[in-house]
Amino acid sequence: MAILLTKETKVICQGFTGAQGTFHSERALAYNTKLVGGVTPDKGGRKHLDLPVFNTVAEAVKATGCQASGVFVPPPFAADAILEGVEAGLELIICITDGVPVRDMQRVKRDMRGRKTRLVGPNCPGVLSPGIGKIGIIPGHICKPGRIGVISRSGTLSYETAVQLSASDMGQSTIVGIGGDPVNGTNYIDALELFLADDDTDGIVIIGEIGGTAEIEAAQLIKDRGKKGKPVAAFVAGASAPPGRKLGHAGAIVSSGDETAQAKKEALRSAGVVIAETIIDIGRAMKESLNR
Amino acid sequence: MNIHEYQGKQLLSQLGVPILAGDVAYSIHDAERIARWLDEDVVVLKAQIHAGGRGKAGGVKIAHSLNEVIEGADALFNKRLITPQTPPEGKQVNRVYIEAGCKIAQEFYFCILVNRQTGGNDLIASREGGMDIEEVAAKDASLIHRVSLDSGSDLQPHHVRSLCYAMGLSGRVGRRVQDVMTRIYKGFCALDAYMVEINPLAVTEDEHVYVLDCKATFDDNALYRQRQVEEMRDDDEMDPLELEASRHDLNYVKLHGNIGLMVNGAGLSMATMDIIKHFGGEAANFMDVAGAATPQRVAAAFKLIYRDEDVRGILLNIFGGMMRCNDIAEGLVQAAREVGLKKPLVVRLEGTNVEQGQKILRDSGLPISPVGGMEEAARTIVEQVKAG
């Protein structure tokens, strides 16, 4: 049944009537996601894409029983939108918005302590389970139902991975884009735990990049699990990156030795993960890991 | 975004953090005027560039007379400073900070930064100030003390107290250092800083505490609400191509190779740099044509890369999830015609409206090599550039 989303999960969109919210809600509906409405302050009571618009998340929860939300609001309002969803009791919030200030995310993390809500993102492509539904911007047509879980900081590299897995018939159980920001919600280890516990996932692809040490923590978790784990393949982007320069993602910067692509690859390799030296090899690496 | 030392000190002094008297000079004449105004026995001239290691590179001069101030300023204003943190050709000195000297008894290190593992802020302190902190860490890690705050948690007095005790500071001096640390932390949060490094934090012979150097990095995503910081941006510190790219909202970083890259997505841009290297080439730049790529933006991005004299060939690698390949192709053809395409150009398009995009490229009659996959694209451009 894949992770995070089920066919029954009722989803809303925050920032529903905006350009991005509209575009991607249309695609989510076309992908058979159970989208039940959306939230845009001051536009409550209208219909948009034939679905109800609410002023607040709490109203949306009351009227629709929604459990999950995709956040498409502009960066200055993203932290507020996330926390509104948390306080309304949503189980899952996926924040697509790119450019949220770090200090705002620190506040979000503080206020989410002890809450049951799971946050994915911000600055992420979202979550897609082929044949089930999607929240976010991952193109549905490149995905195919299968038994490989994908965890990626980068949107475009999760697409490259999906294409290769689809072409080789491995497919995907769920793709989770955790986002490229330095302070975020769900991390590799959280998503790994979910995939390891998921009966519909046989193997896991990790797409990492320079900056931070989240991939090293993932390697440690895989090592600790040992034989009780699942086959894992990984690619880490940024092997040719110069130190001290931020490459696009707010988090993609090498400021210490543990943050290089080399250090991350070595940590993952020593945990038994098959490493793809370039992104075009990630499908092959996954197959090799499954056949070991 | 980074700022200069003197700008950091301006921000800190507004928060009640003690700094020594001083001002920034843009010319030798300025330097002389400021030194006269300071009227000190000893003044320090410090080159203002966005890079550490200035002292060892000759970017700091001590003057005991007006003549020495003028001599020092003359030497600095005509200098390209080369430090381990600058590009190999160094950085031109355009601003010099002229500051009163002081009698230092002890130097400490103090830094605040976002800890990515915890999502909280870390405070790091050491009594080995004035040195490169990496050297201290390599020499004796027990001399470095750290407090890790939970994400979003406030700094408490006990946090800075324990740092001071760990550095052997107590009593009046300890309390003064704690006060300074607390004020800097407040500024760190209020100004959306990502990193603030004070090295050294000096205690003088008469037991006063001063911030003697300050390096600060701010969260680019928060600049919209930090006007004072935003206005401190120094365009001279940026590579001219990077500056122009930032005006077009393009994520661009100049690198040392000769293959120009134009990619959508930060991850795919890095992975494209990597695969170029894997096949024996070297990227001339990182570029993520982020967001909605209209034909106009694509054209601006292409022209920028084309103009880079180091670029001997260009690879376009687009996975159009949100973007439409026909828009990309249209912008590309328009820009290629404008520049009179003479450098090799390899294009890999995938995703939404890819057939339309390919057709626009074919119909243009331009010498563009369309390729199927990323591997072929990378191999082709590396070969074409090598063949010259």
# chains A, B, ... in the order shown; residues from 1 in each chain; ligands from 1
>>> interface_residues(of="chain B", to="chain A", cutoff="6 Å", atoms="only C-alpha atoms", output="compact mmCIF listing (two decimals) with N, CA, C and O atoms, in the first residue's frame")
# COMPACT_ATOMS: atom_id res chain seq x y z
N ARG B 116 22.48 21.99 11.02
CA ARG B 116 21.53 21.35 10.12
C ARG B 116 21.01 20.03 10.66
O ARG B 116 19.93 19.59 10.28
N GLY B 119 18.51 21.31 13.39
CA GLY B 119 17.62 22.38 12.98
C GLY B 119 17.68 23.57 13.93
O GLY B 119 17.04 24.58 13.70
N SER B 151 15.70 23.37 18.04
CA SER B 151 15.18 24.22 16.98
C SER B 151 14.15 25.20 17.53
O SER B 151 13.16 24.80 18.15
N GLY B 152 14.39 26.49 17.31
CA GLY B 152 13.44 27.51 17.73
C GLY B 152 13.47 27.87 19.20
O GLY B 152 12.76 28.77 19.63
N ASN B 221 16.87 33.81 1.67
CA ASN B 221 15.41 33.72 1.60
C ASN B 221 14.71 34.72 2.51
O ASN B 221 13.50 34.91 2.41
N ALA B 222 15.44 35.33 3.44
CA ALA B 222 14.81 36.26 4.38
C ALA B 222 15.15 37.71 4.08
O ALA B 222 14.71 38.61 4.78
N ASN B 251 19.96 30.89 -10.85
CA ASN B 251 20.95 30.36 -9.92
C ASN B 251 22.20 30.00 -10.70
O ASN B 251 22.23 29.01 -11.41
N GLY B 265 16.71 22.75 -12.34
CA GLY B 265 16.79 22.02 -11.08
C GLY B 265 18.20 22.05 -10.53
O GLY B 265 19.18 21.87 -11.27
N ALA B 266 18.30 22.29 -9.22
CA ALA B 266 19.62 22.36 -8.58
C ALA B 266 20.29 20.99 -8.58
O ALA B 266 21.47 20.86 -8.88
N GLY B 267 19.52 19.96 -8.26
CA GLY B 267 20.08 18.62 -8.19
C GLY B 267 20.58 18.17 -9.55
O GLY B 267 21.70 17.66 -9.70
N LEU B 268 19.74 18.38 -10.58
CA LEU B 268 20.13 17.96 -11.93
C LEU B 268 21.34 18.77 -12.42
O LEU B 268 22.19 18.25 -13.13
N MET B 270 23.79 19.92 -10.53
CA MET B 270 24.99 19.33 -9.90
C MET B 270 25.33 18.01 -10.56
O MET B 270 26.49 17.72 -10.85
N ALA B 271 24.30 17.19 -10.80
CA ALA B 271 24.54 15.87 -11.40
C ALA B 271 25.10 16.02 -12.81
O ALA B 271 25.88 15.18 -13.26
N ASP B 274 28.70 16.76 -12.52
CA ASP B 274 29.40 15.52 -12.15
C ASP B 274 29.62 14.62 -13.36
O ASP B 274 30.69 14.03 -13.51
N ILE B 275 28.59 14.52 -14.21
CA ILE B 275 28.71 13.56 -15.33
C ILE B 275 29.68 14.10 -16.38
O ILE B 275 30.42 13.34 -17.02
N GLY B 321 9.44 18.95 -16.16
CA GLY B 321 8.30 18.48 -15.39
C GLY B 321 7.25 19.56 -15.44
O GLY B 321 6.16 19.40 -15.99
>>> select_by_dssp(residues="region 30-256 of chain B", states="strand (DSSP E or B)", output="ChimeraX atom specification")
/B:43-47,60-63,80-81,91-92,96-100,104-114,121-126,144-148,193-204,209-211,215-218,251-254
>>> atom_distance(atom1="CA of Gln14 (chain A)", atom2="CA of Val71 (chain A)")
4.8 Å
>>> residues_around(residues="Ala197 (chain A)", least_positions_apart="2", cutoff="12 Å", atoms="only C-alpha atoms", output="short mmCIF file (atom, residue, chain, number, x, y, z; two decimals) with N, CA and C atoms, in the first residue's frame")
data_model
loop_
_atom_site.label_atom_id
_atom_site.label_comp_id
_atom_site.auth_asym_id
_atom_site.auth_seq_id
_atom_site.Cartn_x
_atom_site.Cartn_y
_atom_site.Cartn_z
N MET A 1 0.82 -1.21 0.00
CA MET A 1 0.00 0.00 0.00
C MET A 1 0.85 1.26 0.00
N ALA A 2 2.16 1.08 -0.24
CA ALA A 2 3.05 2.26 -0.33
C ALA A 2 3.04 3.05 0.98
N ILE A 3 3.68 4.20 1.00
CA ILE A 3 3.75 4.96 2.25
C ILE A 3 3.10 6.34 2.10
N LEU A 4 2.78 6.91 3.23
CA LEU A 4 2.27 8.29 3.37
C LEU A 4 0.86 8.51 2.81
N GLY A 149 11.10 2.19 -3.36
CA GLY A 149 10.86 3.49 -2.71
C GLY A 149 11.98 4.45 -3.08
N ASP A 190 13.80 9.25 8.47
CA ASP A 190 12.37 9.08 8.71
C ASP A 190 11.72 8.32 7.55
N ALA A 191 12.06 8.75 6.32
CA ALA A 191 11.48 8.11 5.14
C ALA A 191 11.98 6.66 5.02
N LEU A 192 13.27 6.45 5.38
CA LEU A 192 13.82 5.09 5.36
C LEU A 192 13.03 4.17 6.28
N GLU A 193 12.76 4.64 7.49
CA GLU A 193 11.99 3.83 8.46
C GLU A 193 10.64 3.43 7.86
N LEU A 194 10.00 4.38 7.19
CA LEU A 194 8.68 4.10 6.61
C LEU A 194 8.79 3.04 5.51
N PHE A 195 9.81 3.18 4.65
CA PHE A 195 9.97 2.21 3.56
C PHE A 195 10.38 0.83 4.10
N ASP A 199 5.41 -3.23 3.47
CA ASP A 199 5.44 -4.54 2.81
C ASP A 199 5.46 -4.45 1.30
N ASP A 200 5.09 -3.31 0.76
CA ASP A 200 5.05 -3.16 -0.70
C ASP A 200 6.34 -2.59 -1.27
N THR A 201 7.34 -2.38 -0.43
CA THR A 201 8.62 -1.86 -0.91
C THR A 201 9.71 -2.90 -0.73
N ASP A 202 10.37 -3.26 -1.86
CA ASP A 202 11.44 -4.27 -1.81
C ASP A 202 12.83 -3.65 -1.78
N GLY A 203 12.95 -2.45 -2.33
CA GLY A 203 14.27 -1.81 -2.39
C GLY A 203 14.10 -0.31 -2.30
N ILE A 204 15.19 0.38 -1.97
CA ILE A 204 15.09 1.82 -1.73
C ILE A 204 16.22 2.54 -2.48
N ARG A 225 20.71 -1.58 10.75
CA ARG A 225 19.68 -2.56 10.41
C ARG A 225 20.30 -3.86 9.89
N LYS A 228 18.48 -7.16 8.49
CA LYS A 228 17.04 -6.93 8.63
C LYS A 228 16.57 -5.79 7.73
N GLY A 229 17.50 -5.18 7.02
CA GLY A 229 17.14 -4.05 6.17
C GLY A 229 16.66 -4.49 4.79
N LYS A 230 16.71 -3.58 3.84
CA LYS A 230 16.32 -3.88 2.46
C LYS A 230 17.44 -3.39 1.54
#
>>> select_by_dssp(residues="region 22-135 of chain A", states="alpha helix (DSSP H)", output="PyMOL selection string")
chain A and resi 22-30+57-64+78-87+102-112
>>> write_last_selection(atoms="N, CA and C atoms", output="short mmCIF file (atom, residue, chain, number, x, y, z; two decimals), in the first residue's frame")
data_model
loop_
_atom_site.label_atom_id
_atom_site.label_comp_id
_atom_site.auth_asym_id
_atom_site.auth_seq_id
_atom_site.Cartn_x
_atom_site.Cartn_y
_atom_site.Cartn_z
N THR A 22 -3.47 25.96 -8.43
CA THR A 22 -4.46 25.54 -9.42
C THR A 22 -3.87 24.51 -10.38
N PHE A 23 -2.72 24.88 -10.96
CA PHE A 23 -2.07 24.01 -11.95
C PHE A 23 -1.84 22.60 -11.39
N HIS A 24 -1.26 22.54 -10.19
CA HIS A 24 -0.90 21.23 -9.66
C HIS A 24 -2.08 20.49 -9.04
N SER A 25 -3.11 21.23 -8.63
CA SER A 25 -4.33 20.56 -8.16
C SER A 25 -5.02 19.87 -9.34
N GLU A 26 -5.03 20.53 -10.49
CA GLU A 26 -5.61 19.90 -11.69
C GLU A 26 -4.90 18.59 -12.00
N ARG A 27 -3.56 18.64 -11.91
CA ARG A 27 -2.80 17.43 -12.20
C ARG A 27 -3.01 16.34 -11.14
N ALA A 28 -3.14 16.77 -9.89
CA ALA A 28 -3.39 15.79 -8.82
C ALA A 28 -4.74 15.11 -9.05
N LEU A 29 -5.73 15.88 -9.46
CA LEU A 29 -7.05 15.31 -9.74
C LEU A 29 -6.98 14.34 -10.91
N ALA A 30 -6.24 14.74 -11.95
CA ALA A 30 -6.08 13.87 -13.12
C ALA A 30 -5.36 12.58 -12.74
N VAL A 57 -7.98 26.18 7.44
CA VAL A 57 -7.79 24.73 7.38
C VAL A 57 -8.78 24.05 8.32
N ALA A 58 -9.02 24.67 9.50
CA ALA A 58 -9.95 24.07 10.47
C ALA A 58 -11.33 23.88 9.84
N GLU A 59 -11.79 24.87 9.08
CA GLU A 59 -13.09 24.73 8.40
C GLU A 59 -13.05 23.60 7.39
N ALA A 60 -11.95 23.51 6.67
CA ALA A 60 -11.81 22.45 5.67
C ALA A 60 -11.85 21.08 6.32
N VAL A 61 -11.18 20.95 7.47
CA VAL A 61 -11.16 19.67 8.19
C VAL A 61 -12.57 19.31 8.63
N LYS A 62 -13.28 20.29 9.16
CA LYS A 62 -14.63 20.05 9.67
C LYS A 62 -15.57 19.62 8.54
N ALA A 63 -15.47 20.31 7.42
CA ALA A 63 -16.41 20.06 6.33
C ALA A 63 -16.07 18.82 5.51
N THR A 64 -14.79 18.50 5.38
CA THR A 64 -14.41 17.43 4.45
C THR A 64 -13.76 16.22 5.14
N ALA A 78 4.46 30.68 4.29
CA ALA A 78 4.51 29.22 4.34
C ALA A 78 4.51 28.69 5.76
N ALA A 79 5.29 29.30 6.65
CA ALA A 79 5.38 28.80 8.03
C ALA A 79 4.00 28.87 8.69
N ASP A 80 3.32 29.95 8.48
CA ASP A 80 1.98 30.13 9.03
C ASP A 80 1.03 29.07 8.48
N ALA A 81 1.12 28.82 7.18
CA ALA A 81 0.23 27.83 6.56
C ALA A 81 0.49 26.44 7.14
N ILE A 82 1.76 26.11 7.33
CA ILE A 82 2.10 24.79 7.90
C ILE A 82 1.51 24.68 9.30
N LEU A 83 1.76 25.70 10.12
CA LEU A 83 1.32 25.63 11.52
C LEU A 83 -0.21 25.65 11.63
N GLU A 84 -0.85 26.31 10.68
CA GLU A 84 -2.31 26.27 10.67
C GLU A 84 -2.79 24.84 10.46
N GLY A 85 -2.14 24.15 9.54
CA GLY A 85 -2.49 22.76 9.28
C GLY A 85 -2.20 21.87 10.48
N VAL A 86 -1.08 22.13 11.15
CA VAL A 86 -0.70 21.34 12.34
C VAL A 86 -1.77 21.50 13.41
N GLU A 87 -2.16 22.75 13.66
CA GLU A 87 -3.14 23.00 14.73
C GLU A 87 -4.53 22.49 14.38
N VAL A 102 14.98 30.28 6.97
CA VAL A 102 15.39 29.27 7.95
C VAL A 102 14.77 29.54 9.32
N ARG A 103 14.77 30.82 9.72
CA ARG A 103 14.24 31.13 11.05
C ARG A 103 12.78 30.74 11.17
N ASP A 104 12.02 30.89 10.09
CA ASP A 104 10.61 30.48 10.09
C ASP A 104 10.49 28.97 10.29
N MET A 105 11.36 28.23 9.62
CA MET A 105 11.30 26.78 9.74
C MET A 105 11.73 26.32 11.13
N GLN A 106 12.65 27.08 11.77
CA GLN A 106 13.02 26.73 13.15
C GLN A 106 11.81 26.88 14.07
N ARG A 107 11.05 27.93 13.83
CA ARG A 107 9.84 28.16 14.62
C ARG A 107 8.82 27.03 14.37
N VAL A 108 8.69 26.64 13.12
CA VAL A 108 7.77 25.54 12.79
C VAL A 108 8.18 24.27 13.52
N LYS A 109 9.48 23.98 13.48
CA LYS A 109 9.96 22.76 14.13
C LYS A 109 9.67 22.78 15.63
N ARG A 110 9.90 23.96 16.23
CA ARG A 110 9.63 24.10 17.66
C ARG A 110 8.16 23.83 17.94
N ASP A 111 7.29 24.47 17.18
CA ASP A 111 5.87 24.36 17.47
C ASP A 111 5.28 23.01 17.08
N MET A 112 6.02 22.23 16.30
CA MET A 112 5.53 20.89 15.93
C MET A 112 5.96 19.82 16.92
#
>>> closest_atom_pairs(of="region 48-108 of chain B", to="region 27-36 of chain B", cutoff="9 Å", atoms="only C-alpha atoms", output="CSV")
residue,atom,partner,partner_atom,distance
B:Ser65,CA,B:Ala35,CA,8.9
B:Leu66,CA,B:Glu32,CA,6.7
B:Asn67,CA,B:Glu32,CA,8.7
B:Val69,CA,B:Glu32,CA,6.6
B:Ile70,CA,B:Ile28,CA,6.2
B:Glu71,CA,B:Ile28,CA,8.7
B:Gly72,CA,B:Ile28,CA,8.9
B:Ala73,CA,B:Ile28,CA,5.5
B:Asp74,CA,B:Ile28,CA,6.2
B:Phe77,CA,B:Ser27,CA,7.3
B:Asn94,CA,B:Ser27,CA,8.1
B:Arg95,CA,B:Ser27,CA,7.6
B:Val96,CA,B:Ala31,CA,7.7
B:Tyr97,CA,B:Ala31,CA,8.2
B:Ile98,CA,B:Ala31,CA,6.6
B:Glu99,CA,B:Ala35,CA,8.1
B:Ala100,CA,B:Ala35,CA,8.4
>>> write_last_selection(atoms="all heavy atoms", output="short mmCIF file (atom, residue, chain, number, x, y, z; two decimals), in the first residue's frame")
data_model
loop_
_atom_site.label_atom_id
_atom_site.label_comp_id
_atom_site.auth_asym_id
_atom_site.auth_seq_id
_atom_site.Cartn_x
_atom_site.Cartn_y
_atom_site.Cartn_z
N SER B 65 51.38 56.58 13.09
CA SER B 65 51.40 58.00 12.73
C SER B 65 50.53 58.20 11.50
O SER B 65 50.18 57.24 10.82
CB SER B 65 52.84 58.42 12.41
OG SER B 65 53.26 57.77 11.22
N LEU B 66 50.23 59.47 11.22
CA LEU B 66 49.43 59.76 10.03
C LEU B 66 50.14 59.30 8.75
O LEU B 66 49.52 58.79 7.82
CB LEU B 66 49.14 61.25 9.93
CG LEU B 66 47.87 61.74 10.62
CD1 LEU B 66 47.69 63.23 10.37
CD2 LEU B 66 46.65 60.96 10.15
N ASN B 67 51.47 59.49 8.74
CA ASN B 67 52.24 59.04 7.58
C ASN B 67 52.09 57.55 7.35
O ASN B 67 51.93 57.09 6.22
CB ASN B 67 53.73 59.36 7.79
CG ASN B 67 54.10 60.68 7.13
OD1 ASN B 67 53.32 61.20 6.31
ND2 ASN B 67 55.25 61.22 7.49
N VAL B 69 49.58 55.78 8.27
CA VAL B 69 48.20 55.55 7.81
C VAL B 69 48.14 55.71 6.29
O VAL B 69 47.59 54.86 5.58
CB VAL B 69 47.22 56.54 8.49
CG1 VAL B 69 45.85 56.49 7.81
CG2 VAL B 69 47.10 56.23 9.97
N ILE B 70 48.76 56.80 5.80
CA ILE B 70 48.72 57.07 4.36
C ILE B 70 49.46 55.98 3.59
O ILE B 70 48.97 55.44 2.59
CB ILE B 70 49.31 58.47 4.06
CG1 ILE B 70 48.38 59.53 4.67
CG2 ILE B 70 49.47 58.71 2.56
CD1 ILE B 70 49.00 60.91 4.80
N GLU B 71 50.63 55.62 4.09
CA GLU B 71 51.42 54.54 3.45
C GLU B 71 50.63 53.24 3.42
O GLU B 71 50.55 52.55 2.40
CB GLU B 71 52.71 54.28 4.24
CG GLU B 71 53.86 55.18 3.88
CD GLU B 71 55.02 55.03 4.88
OE1 GLU B 71 55.18 53.90 5.44
OE2 GLU B 71 55.72 56.02 5.13
N GLY B 72 50.04 52.92 4.58
CA GLY B 72 49.29 51.67 4.68
C GLY B 72 48.10 51.67 3.73
O GLY B 72 47.83 50.68 3.04
N ALA B 73 47.37 52.78 3.70
CA ALA B 73 46.19 52.87 2.84
C ALA B 73 46.60 52.76 1.38
O ALA B 73 45.94 52.08 0.58
CB ALA B 73 45.45 54.19 3.10
N ASP B 74 47.70 53.41 1.03
CA ASP B 74 48.20 53.36 -0.35
C ASP B 74 48.49 51.91 -0.75
O ASP B 74 48.12 51.46 -1.83
CB ASP B 74 49.46 54.23 -0.45
CG ASP B 74 49.92 54.33 -1.90
OD1 ASP B 74 49.06 54.49 -2.78
OD2 ASP B 74 51.14 54.23 -2.14
N PHE B 77 44.92 49.91 -0.96
CA PHE B 77 43.99 50.25 -2.04
C PHE B 77 44.48 49.78 -3.41
O PHE B 77 43.71 49.65 -4.33
CB PHE B 77 43.71 51.76 -2.07
CG PHE B 77 42.63 52.17 -1.11
CD1 PHE B 77 42.89 53.03 -0.06
CD2 PHE B 77 41.35 51.65 -1.24
CE1 PHE B 77 41.89 53.40 0.83
CE2 PHE B 77 40.34 52.01 -0.35
CZ PHE B 77 40.61 52.89 0.68
N ASN B 94 38.70 47.61 -2.31
CA ASN B 94 38.06 48.89 -2.62
C ASN B 94 37.69 49.68 -1.37
O ASN B 94 37.37 50.85 -1.45
CB ASN B 94 36.80 48.67 -3.46
CG ASN B 94 37.12 48.03 -4.79
OD1 ASN B 94 38.05 48.43 -5.46
ND2 ASN B 94 36.35 47.01 -5.15
N ARG B 95 37.66 48.98 -0.23
CA ARG B 95 37.27 49.64 1.01
C ARG B 95 38.24 49.21 2.11
O ARG B 95 38.62 48.03 2.17
CB ARG B 95 35.86 49.22 1.44
CG ARG B 95 34.82 49.43 0.36
CD ARG B 95 33.47 48.94 0.80
NE ARG B 95 32.58 48.88 -0.36
CZ ARG B 95 31.25 48.76 -0.29
NH1 ARG B 95 30.67 48.68 0.89
NH2 ARG B 95 30.52 48.73 -1.38
N VAL B 96 38.63 50.16 2.94
CA VAL B 96 39.53 49.85 4.05
C VAL B 96 38.89 50.38 5.33
O VAL B 96 38.44 51.54 5.37
CB VAL B 96 40.92 50.49 3.83
CG1 VAL B 96 41.81 50.28 5.06
CG2 VAL B 96 41.60 49.91 2.59
N TYR B 97 38.84 49.53 6.34
CA TYR B 97 38.28 49.96 7.62
C TYR B 97 39.40 50.50 8.48
O TYR B 97 40.45 49.86 8.63
CB TYR B 97 37.60 48.76 8.31
CG TYR B 97 36.76 49.14 9.51
CD1 TYR B 97 35.79 50.14 9.43
CD2 TYR B 97 36.93 48.50 10.74
CE1 TYR B 97 35.01 50.48 10.52
CE2 TYR B 97 36.15 48.83 11.84
CZ TYR B 97 35.19 49.83 11.72
OH TYR B 97 34.41 50.16 12.80
N ILE B 98 39.21 51.72 9.02
CA ILE B 98 40.23 52.35 9.86
C ILE B 98 39.68 52.33 11.28
O ILE B 98 38.61 52.89 11.55
CB ILE B 98 40.46 53.83 9.45
CG1 ILE B 98 40.53 53.97 7.91
CG2 ILE B 98 41.69 54.39 10.14
CD1 ILE B 98 41.74 53.40 7.28
N GLU B 99 40.39 51.65 12.18
CA GLU B 99 39.85 51.41 13.51
C GLU B 99 40.88 51.75 14.58
O GLU B 99 42.09 51.57 14.36
CB GLU B 99 39.48 49.92 13.61
CG GLU B 99 38.69 49.55 14.84
CD GLU B 99 38.30 48.08 14.83
OE1 GLU B 99 39.19 47.21 14.70
OE2 GLU B 99 37.08 47.79 14.94
N ALA B 100 40.41 52.24 15.71
CA ALA B 100 41.30 52.52 16.85
C ALA B 100 41.98 51.24 17.31
O ALA B 100 41.38 50.17 17.28
CB ALA B 100 40.49 53.13 17.99
#
>>> residues_around(residues="Leu316 (chain B)", least_positions_apart="6", cutoff="12 Å", atoms="only C-alpha atoms", output="PyMOL selection string")
chain B and resi 259-264+268-269+272-273+286-289+298+301-302+305-306+325+328-329+332+344-350+368-371+373-374+377-378+380-381
